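K.L.:
My questions will all concern the structure given below.
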Amino acid sequence: MAFNRPTLPEIIERVRGDLRAELNITAIVRRTFLAAIARAISGAAHSLHGHLKELSKQAFPDQADGIYLSRWGAIYGVPAKEATYTQLTISGTGTNGSTLTAGDVFTIDNGETFEVDTTVVVALGVYETTITAVNPGASTNLDDGETVTLESPITGIDSVATVDNTLVEGEDAESESSHQERIVARIQQPPAGGKVSDYVAWGLAVAGVSRVWVFPGWLGQGTVGVSFLELDSGEEVVPGAPKVAEVQEYINEQKPVTADVTVFAPNVLTVNVTVKITPNTAAVQAAVTAELEDLFRREAQISGAVDPDNVGTPLFLDGKISISKFDEAVSIADGENDHEIVTPTADIEPDEGYIAQLGTITFQTLV
């Protein structure tokens with residue numbers, strides 16, 4: 001039977017009743033000594049009830065938070081994924097013999113800053129070096145070809161440099177809900193020397209990885225394929241080469257010695273959607289967009305991966321998203337009265353190694 005925490009008024013009434021009974025009096029008048037004592041004792045008892053309720057929550061890893069969740073993670077060997085620092089290779093131009101010193105600062109458009117890792121001297125009018133973000137997180141990630149700008153002018157060094165390559169992708173710290181899910185998964189699916197859930201857990205242990213798929217026998221007997229998506233500013237995206245290499249390196253350290261593991265980014269089947277709606281307003285469009293994005297988060301799978309819920313059979317995921325799901329998603333959008341899905345016209349069925357991702361949504365007025 002569950003314990004129901006008494007409210008403060010209930011505790012006050014209980015204490016007042018105890019005082020009346022023990023002192024053999026019929027009433028306690030407001031703003032008297034006994035009334036004050038009753039409220040003081042009740043307030044302390046209410047606080048203790050609150051503390052006990054908080055502690056009871058921390059006794060279970062699926063409810064724990066803060067330092068208690070970290071403790072559960074430490075017990076089961078599932079630490080929270082910390083934020084990481086972006087590291088980039090850049091190249092720039094300048095006057096021969098000019099020096100870019102370690103610690104010099106570059107900035108990017110959103111105000112984030114990078115420091116030069118190693119002192120470099122301009123030769124033949126160019127230089128190349130690496131820079132590391134001052135702050136951790138995904139907000140410092142840049143694509144190849146984007147630019148960084150010197151925070152303060154340096155004699156002989158042109159102010160703008162170009163990003164050539166990403167060595168380390170910046171990742172945000174893991175949310176408590178994600179950490180909690182991984183701890184519970186570790187408890188429910190303990191390590192077993194290389195089963196499907198082990199590869200999923202190893203992939204998810206890398207900062208930024210959001211979902212993982214496993215392909216037994218990917219390149220023949222004794223081989224395993226692992227593919228995944230990562231989070232970028234809260235959205236799932238196909239990982240780039242640096243993140244693939246990072247996951248490959250981590251899994252290589254965890255896998256059975258006889259397993260030949262290949263980590264790869266999934267191919268993408270882009271699904272553009274055209275939908276007629278009424279009313280065709282900005283608010284309804286936003287609601288429909290949100291529902292379609294949620295549909296792809298729920299239903300999109302990499303075709304050909306083993307279904308982690310049916311490993312023993314085994315069953316393999318087909319990545320299919322039924323056209324009826326599109327109708328359902330648009331129908332439940334807030335404010336939608338009626339609609340018609342123009343495209344796609346049939347179920348979405350990706351080829352092996354592909355995952356369906358939402359592309360452009362085109363809205364038309366239903367008349």
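Order determines the names: the first chain of the structure tokens is A, the second B, and so forth; residues in each chain are numbered 1 upward, and ligands are numbered 1 upward as they are shown.
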Output as a PyMOL selection string all residues of segment 100-328 of chain A that backbone DSSP marks as helix (DSSP H, G or I).
P.N.:
chain A and resi 138-140+176-188+196-204+241-254+282-299+308-310+323-328
K.L.:
Write out, as an mmCIF file, in the first residue's frame, the residues just selected, with C-alpha atoms.
P.N.:
data_model
loop_
_atom_site.group_PDB
_atom_site.id
_atom_site.type_symbol
_atom_site.label_atom_id
_atom_site.label_comp_id
_atom_site.auth_asym_id
_atom_site.auth_seq_id
_atom_site.Cartn_x
_atom_site.Cartn_y
_atom_site.Cartn_z
ATOM 1 C CA ALA A 138 27.768 21.533 -29.954
ATOM 2 C CA SER A 139 27.479 25.310 -30.440
ATOM 3 C CA THR A 140 31.147 25.426 -31.470
ATOM 4 C CA GLU A 176 19.636 13.343 -16.970
ATOM 5 C CA SER A 177 16.782 11.549 -18.750
ATOM 6 C CA SER A 178 19.178 10.029 -21.281
ATOM 7 C CA HIS A 179 21.623 8.998 -18.560
ATOM 8 C CA GLN A 180 18.765 7.473 -16.602
ATOM 9 C CA GLU A 181 17.621 5.447 -19.618
ATOM 10 C CA ARG A 182 21.128 4.050 -20.159
ATOM 11 C CA ILE A 183 21.464 3.020 -16.509
ATOM 12 C CA VAL A 184 18.107 1.228 -16.576
ATOM 13 C CA ALA A 185 19.067 -0.480 -19.849
ATOM 14 C CA ARG A 186 22.337 -1.648 -18.233
ATOM 15 C CA ILE A 187 20.380 -3.147 -15.312
ATOM 16 C CA GLN A 188 17.781 -4.830 -17.516
ATOM 17 C CA VAL A 196 23.206 -6.892 -29.664
ATOM 18 C CA SER A 197 22.387 -4.868 -26.551
ATOM 19 C CA ASP A 198 26.124 -4.674 -25.750
ATOM 20 C CA TYR A 199 26.869 -2.961 -29.057
ATOM 21 C CA VAL A 200 23.949 -0.609 -28.545
ATOM 22 C CA ALA A 201 25.214 0.284 -25.066
ATOM 23 C CA TRP A 202 28.779 0.799 -26.312
ATOM 24 C CA GLY A 203 27.604 3.112 -29.069
ATOM 25 C CA LEU A 204 25.392 5.119 -26.734
ATOM 26 C CA ALA A 241 33.521 11.003 -40.398
ATOM 27 C CA PRO A 242 35.066 12.259 -37.105
ATOM 28 C CA LYS A 243 32.171 10.945 -35.022
ATOM 29 C CA VAL A 244 32.141 7.633 -36.910
ATOM 30 C CA ALA A 245 35.857 7.260 -36.169
ATOM 31 C CA GLU A 246 35.272 8.109 -32.511
ATOM 32 C CA VAL A 247 32.564 5.458 -32.129
ATOM 33 C CA GLN A 248 34.693 2.927 -34.020
ATOM 34 C CA GLU A 249 37.615 3.532 -31.673
ATOM 35 C CA TYR A 250 35.460 3.180 -28.552
ATOM 36 C CA ILE A 251 33.744 -0.022 -29.703
ATOM 37 C CA ASN A 252 37.106 -1.505 -30.703
ATOM 38 C CA GLU A 253 38.158 -1.116 -27.057
ATOM 39 C CA GLN A 254 35.015 -2.898 -25.790
ATOM 40 C CA ALA A 282 1.211 29.454 -39.699
ATOM 41 C CA ALA A 283 0.129 27.916 -36.385
ATOM 42 C CA VAL A 284 -1.341 24.813 -38.014
ATOM 43 C CA GLN A 285 1.687 24.475 -40.288
ATOM 44 C CA ALA A 286 3.957 24.556 -37.230
ATOM 45 C CA ALA A 287 1.812 21.929 -35.483
ATOM 46 C CA VAL A 288 1.832 19.647 -38.529
ATOM 47 C CA THR A 289 5.598 20.056 -38.884
ATOM 48 C CA ALA A 290 6.116 19.103 -35.242
ATOM 49 C CA GLU A 291 3.943 16.008 -35.597
ATOM 50 C CA LEU A 292 5.717 14.863 -38.769
ATOM 51 C CA GLU A 293 9.115 15.361 -37.119
ATOM 52 C CA ASP A 294 7.922 13.293 -34.169
ATOM 53 C CA LEU A 295 6.651 10.599 -36.559
ATOM 54 C CA PHE A 296 10.103 10.180 -38.087
ATOM 55 C CA ARG A 297 11.756 10.128 -34.650
ATOM 56 C CA ARG A 298 9.414 7.319 -33.579
ATOM 57 C CA GLU A 299 9.220 5.232 -36.722
ATOM 58 C CA PRO A 308 16.767 -5.542 -30.541
ATOM 59 C CA ASP A 309 13.441 -6.809 -29.164
ATOM 60 C CA ASN A 310 13.551 -9.976 -31.288
ATOM 61 C CA ILE A 323 1.478 6.102 -45.501
ATOM 62 C CA SER A 324 -1.318 5.784 -42.947
ATOM 63 C CA LYS A 325 1.115 7.083 -40.324
ATOM 64 C CA PHE A 326 1.393 10.354 -42.260
ATOM 65 C CA ASP A 327 -2.393 10.748 -42.182
ATOM 66 C CA GLU A 328 -2.416 9.995 -38.478
#
K.L.:
Could you make a table, as a Markdown table, of the residues of segment 154-183 of chain A that have an atom within 12 Å of an atom of segment 229-239 of chain A, each with its nearest atom pair and distance in Å to one decimal, counting only C-alpha atoms, in chain and number order?
P.N.:
| residue | atom | partner | partner_atom | distance |
| --- | --- | --- | --- | --- |
| A:Glu169 | CA | A:Pro239 | CA | 10.1 |
| A:Gly170 | CA | A:Asp232 | CA | 9.5 |
| A:Glu171 | CA | A:Asp232 | CA | 7.9 |
| A:Asp172 | CA | A:Ser233 | CA | 8.4 |
| A:Ala173 | CA | A:Leu231 | CA | 11.1 |
| A:Glu174 | CA | A:Leu231 | CA | 10.3 |
| A:Ser175 | CA | A:Gly234 | CA | 11.0 |
| A:Ser178 | CA | A:Leu231 | CA | 11.9 |
K.L.:
Hey, can you spit out that residue selection with N, CA and C atoms as a short mmCIF file (atom, residue, chain, number, x, y, z; two decimals), in the first residue's frame?
P.N.:
data_model
loop_
_atom_site.label_atom_id
_atom_site.label_comp_id
_atom_site.auth_asym_id
_atom_site.auth_seq_id
_atom_site.Cartn_x
_atom_site.Cartn_y
_atom_site.Cartn_z
N GLU A 169 34.48 16.57 -32.61
CA GLU A 169 33.21 17.29 -32.60
C GLU A 169 32.83 17.67 -31.18
N GLY A 170 32.37 18.89 -31.00
CA GLY A 170 31.87 19.31 -29.70
C GLY A 170 30.50 18.72 -29.45
N GLU A 171 30.28 18.23 -28.24
CA GLU A 171 28.99 17.64 -27.88
C GLU A 171 28.51 18.25 -26.58
N ASP A 172 27.19 18.42 -26.46
CA ASP A 172 26.61 18.89 -25.22
C ASP A 172 26.63 17.77 -24.18
N ALA A 173 26.60 18.16 -22.91
CA ALA A 173 26.54 17.17 -21.84
C ALA A 173 25.24 16.37 -21.94
N GLU A 174 25.29 15.12 -21.55
CA GLU A 174 24.12 14.25 -21.62
C GLU A 174 23.04 14.73 -20.65
N SER A 175 21.81 14.67 -21.09
CA SER A 175 20.69 15.02 -20.21
C SER A 175 20.50 13.94 -19.15
N SER A 178 18.42 10.96 -20.45
CA SER A 178 19.18 10.03 -21.28
C SER A 178 20.08 9.15 -20.42
#
K.L.:
Work out how far atom CA of Ile355 of chain A is from atom CA of Ser303 of chain A, in Å to one decimal.
P.N.:
6.4 Å
K.L.:
Please run DSSP on the backbone and report, as a list in words, all residues within segment 123-182 of chain A that come out as strand (DSSP E or B).
P.N.:
Ala123, Val126, Tyr127, Glu128, Thr129, Thr130, Ile131, Thr132, Ala133, Thr147, Val148, Thr149, Leu150, Ile154, Ile157, Val160, Ala161, Thr162, Val163, Asp164, Asn165, Thr166, Leu167, Val168 and Glu171 of chain A
K.L.:
Next, write the just-selected residues to a file, as a tab-separated table (two decimals), in the first residue's frame, keeping N, CA and C atoms as the atom set.
P.N.:
chain	number	residue	atom	x	y	z
A	123	ALA	N	54.79	30.22	-43.72
A	123	ALA	CA	55.81	29.88	-44.72
A	123	ALA	C	55.14	29.81	-46.08
A	126	VAL	N	51.43	30.90	-46.25
A	126	VAL	CA	50.31	30.18	-45.64
A	126	VAL	C	50.74	29.54	-44.33
A	127	TYR	N	49.76	29.16	-43.54
A	127	TYR	CA	50.01	28.39	-42.32
A	127	TYR	C	48.85	27.43	-42.10
A	128	GLU	N	49.10	26.41	-41.30
A	128	GLU	CA	48.06	25.46	-40.89
A	128	GLU	C	48.29	25.10	-39.44
A	129	THR	N	47.22	25.06	-38.66
A	129	THR	CA	47.33	24.71	-37.25
A	129	THR	C	46.00	24.16	-36.76
A	130	THR	N	45.96	23.80	-35.49
A	130	THR	CA	44.71	23.34	-34.90
A	130	THR	C	44.27	24.32	-33.82
A	131	ILE	N	42.95	24.43	-33.66
A	131	ILE	CA	42.38	25.28	-32.63
A	131	ILE	C	41.36	24.47	-31.85
A	132	THR	N	41.18	24.81	-30.57
A	132	THR	CA	40.25	24.10	-29.69
A	132	THR	C	39.30	25.09	-29.06
A	133	ALA	N	38.04	24.73	-29.01
A	133	ALA	CA	37.03	25.62	-28.44
A	133	ALA	C	37.30	25.87	-26.95
A	147	THR	N	34.53	29.80	-41.81
A	147	THR	CA	35.67	30.64	-41.43
A	147	THR	C	35.65	30.99	-39.95
A	148	VAL	N	36.84	31.28	-39.44
A	148	VAL	CA	37.03	31.81	-38.09
A	148	VAL	C	37.82	33.10	-38.22
A	149	THR	N	37.66	34.01	-37.25
A	149	THR	CA	38.26	35.33	-37.34
A	149	THR	C	39.08	35.63	-36.08
A	150	LEU	N	40.25	36.19	-36.26
A	150	LEU	CA	41.08	36.55	-35.12
A	150	LEU	C	40.34	37.56	-34.23
A	154	ILE	N	46.76	40.52	-35.51
A	154	ILE	CA	48.14	40.08	-35.28
A	154	ILE	C	48.95	40.50	-36.51
A	157	ILE	N	49.48	38.45	-39.93
A	157	ILE	CA	48.53	37.33	-40.06
A	157	ILE	C	47.19	37.87	-40.53
A	160	VAL	N	41.19	36.38	-41.23
A	160	VAL	CA	40.23	35.29	-41.45
A	160	VAL	C	40.97	34.01	-41.85
A	161	ALA	N	40.60	32.91	-41.22
A	161	ALA	CA	41.15	31.59	-41.56
A	161	ALA	C	40.01	30.65	-41.90
A	162	THR	N	40.33	29.57	-42.60
A	162	THR	CA	39.32	28.63	-43.09
A	162	THR	C	39.43	27.30	-42.37
A	163	VAL	N	38.26	26.72	-42.05
A	163	VAL	CA	38.22	25.40	-41.42
A	163	VAL	C	38.47	24.34	-42.48
A	164	ASP	N	39.51	23.52	-42.26
A	164	ASP	CA	39.84	22.45	-43.20
A	164	ASP	C	39.26	21.11	-42.80
A	165	ASN	N	39.21	20.87	-41.48
A	165	ASN	CA	38.80	19.54	-41.02
A	165	ASN	C	38.39	19.61	-39.56
A	166	THR	N	37.48	18.74	-39.17
A	166	THR	CA	37.09	18.60	-37.77
A	166	THR	C	37.80	17.39	-37.18
A	167	LEU	N	38.59	17.62	-36.16
A	167	LEU	CA	39.29	16.53	-35.48
A	167	LEU	C	38.44	15.94	-34.36
A	168	VAL	N	37.78	16.82	-33.61
A	168	VAL	CA	36.90	16.38	-32.52
A	168	VAL	C	35.64	17.22	-32.59
A	171	GLU	N	30.28	18.23	-28.24
A	171	GLU	CA	28.99	17.64	-27.88
A	171	GLU	C	28.51	18.25	-26.58
K.L.:
Quick one: pull the distance between atom CA of Gly66 of chain A and atom CA of Ser210 of chain A, Å, one decimal.
P.N.:
20.9 Å
K.L.:
Please, what distance in Å, to one decimal, runs between atom CA of Glu115 of chain A and atom CA of Thr101 of chain A?
P.N.:
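It comes out at 9.5 Å.
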